[in-house]
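Below is one structure, written out as structure tokens; the observations come after it.
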Amino acid sequence: MSPSRTEPKFETVTPRLPVADVERALAFYIEELGFQLGWKWGEPLTHANVCRDSINFDLIAVPADRRGTAMAYVQLSGVDAYFSELKGRDVHLSELGNRPYGMRDFEVVDPDGNRLAFGEPAIAQNSGA
């Protein structure tokens, strides 16, 4: 019997964020950004995953020279509501605004220097969709 010849279908991506302390990073992503714990691995803890809806981030303990090197852009619906949610938790955020590239977004820098942008198409926000 030959193996199934299914065409590849890309379904999701999980950015791997380099961090100094996985427990500290988990606290930030869960308590500040509103994600949930997906899983933890290692003794001592060296890997973890956080998720919110269909978005996942892996948090990976790495040497100091590799920390703060990741960037990710997360597209979501309701960017204004998420911005307000984070403001309510006193998370340090960039300005929320409509950008020349057609997105309404803002940026967060995690405690390790990884940069995360959250946005939606500006037209969707303006049309109330």
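Letters A, B, ... mark the chains of the structure tokens in the order given; residue numbers begin at 1 per chain; ligand numbers begin at 1, in order shown.
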Restrict the calculation to only C-alpha atoms, then for each residue of range 28-91 of chain A with any atom at most 12 Å from an atom of range 100-118 of chain A give the closest atom pair and their distance in Å to one decimal, rows by chain and rising residue number, as a Markdown table.
| residue | atom | partner | partner_atom | distance |
| --- | --- | --- | --- | --- |
| A:Phe28 | CA | A:Asp110 | CA | 7.4 |
| A:Tyr29 | CA | A:Asp110 | CA | 8.3 |
| A:Ile30 | CA | A:Asp110 | CA | 11.8 |
| A:Glu32 | CA | A:Asp110 | CA | 9.8 |
| A:Leu33 | CA | A:Val108 | CA | 9.3 |
| A:Ile55 | CA | A:Phe118 | CA | 11.4 |
| A:Phe57 | CA | A:Leu116 | CA | 10.6 |
| A:Leu59 | CA | A:Asp112 | CA | 10.6 |
| A:Ile60 | CA | A:Asp112 | CA | 11.2 |
| A:Ala61 | CA | A:Asp112 | CA | 10.6 |
| A:Val62 | CA | A:Asp112 | CA | 10.7 |
| A:Pro63 | CA | A:Asp112 | CA | 11.6 |
| A:Ala64 | CA | A:Asp112 | CA | 9.6 |
| A:Asp65 | CA | A:Asp112 | CA | 11.1 |
| A:Arg66 | CA | A:Asp112 | CA | 9.9 |
| A:Arg67 | CA | A:Asp112 | CA | 6.1 |
| A:Gly68 | CA | A:Gly113 | CA | 3.9 |
| A:Thr69 | CA | A:Asn114 | CA | 5.9 |
| A:Ala70 | CA | A:Asn114 | CA | 5.0 |
| A:Met71 | CA | A:Arg115 | CA | 4.8 |
| A:Ala72 | CA | A:Leu116 | CA | 5.0 |
| A:Tyr73 | CA | A:Ala117 | CA | 4.7 |
| A:Val74 | CA | A:Phe118 | CA | 4.8 |
| A:Gln75 | CA | A:Phe118 | CA | 5.9 |
| A:Leu76 | CA | A:Phe118 | CA | 6.9 |
| A:Ser77 | CA | A:Phe118 | CA | 9.6 |
| A:Gly78 | CA | A:Phe118 | CA | 9.9 |
| A:Val79 | CA | A:Asp105 | CA | 6.9 |
| A:Asp80 | CA | A:Asp105 | CA | 8.5 |
| A:Ala81 | CA | A:Phe118 | CA | 11.4 |
| A:Tyr82 | CA | A:Phe118 | CA | 8.7 |
| A:Phe83 | CA | A:Phe106 | CA | 7.7 |
| A:Ser84 | CA | A:Phe106 | CA | 11.3 |
| A:Leu86 | CA | A:Val108 | CA | 9.7 |
| A:Lys87 | CA | A:Val108 | CA | 11.2 |
| A:Asp90 | CA | A:Val108 | CA | 11.8 |
| A:Val91 | CA | A:Val108 | CA | 8.1 |
Hey, what does DSSP flag as alpha helix (DSSP H) within range 10-61 of chain A? Can you give it to me as a short mmCIF file (atom, residue, chain, number, x, y, z; two decimals) with C-alpha atoms, in the first residue's frame?
data_model
loop_
_atom_site.label_atom_id
_atom_site.label_comp_id
_atom_site.auth_asym_id
_atom_site.auth_seq_id
_atom_site.Cartn_x
_atom_site.Cartn_y
_atom_site.Cartn_z
CA VAL A 22 10.33 30.92 31.19
CA GLU A 23 8.30 31.34 34.43
CA ARG A 24 8.70 35.14 34.27
CA ALA A 25 7.72 35.12 30.59
CA LEU A 26 4.67 32.96 31.35
CA ALA A 27 3.53 35.43 33.99
#
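When only C-alpha atoms are used to compute distances to Ser54 in chain A, the closest of the residues A:Arg16, A:Gly119, A:Phe35, A:Ser94 turns out to be A:Phe35.
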Coordinates-based distance that separates CA of Asp58 in chain A from CA of Lys9 in chain A (Å, one decimal): 21.6 Å
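Between CA of Trp39 in chain A and CA of Pro18 in chain A the interatomic distance comes to 16.2 Å.
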Atom pair CA of Pro8 in chain A / CA of Val50 in chain A: separation (Å):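 Interatomic distance, CA of Pro8 in chain A to CA of Val50 in chain A: 25.8 Å.
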Those of range 19-120 of chain A in DSSP strand (DSSP E), formatted as a VMD selection string: chain A and resid 19 36 to 41 47 to 52 55 to 61 71 to 75 97 to 98 103 to 109 115 to 120
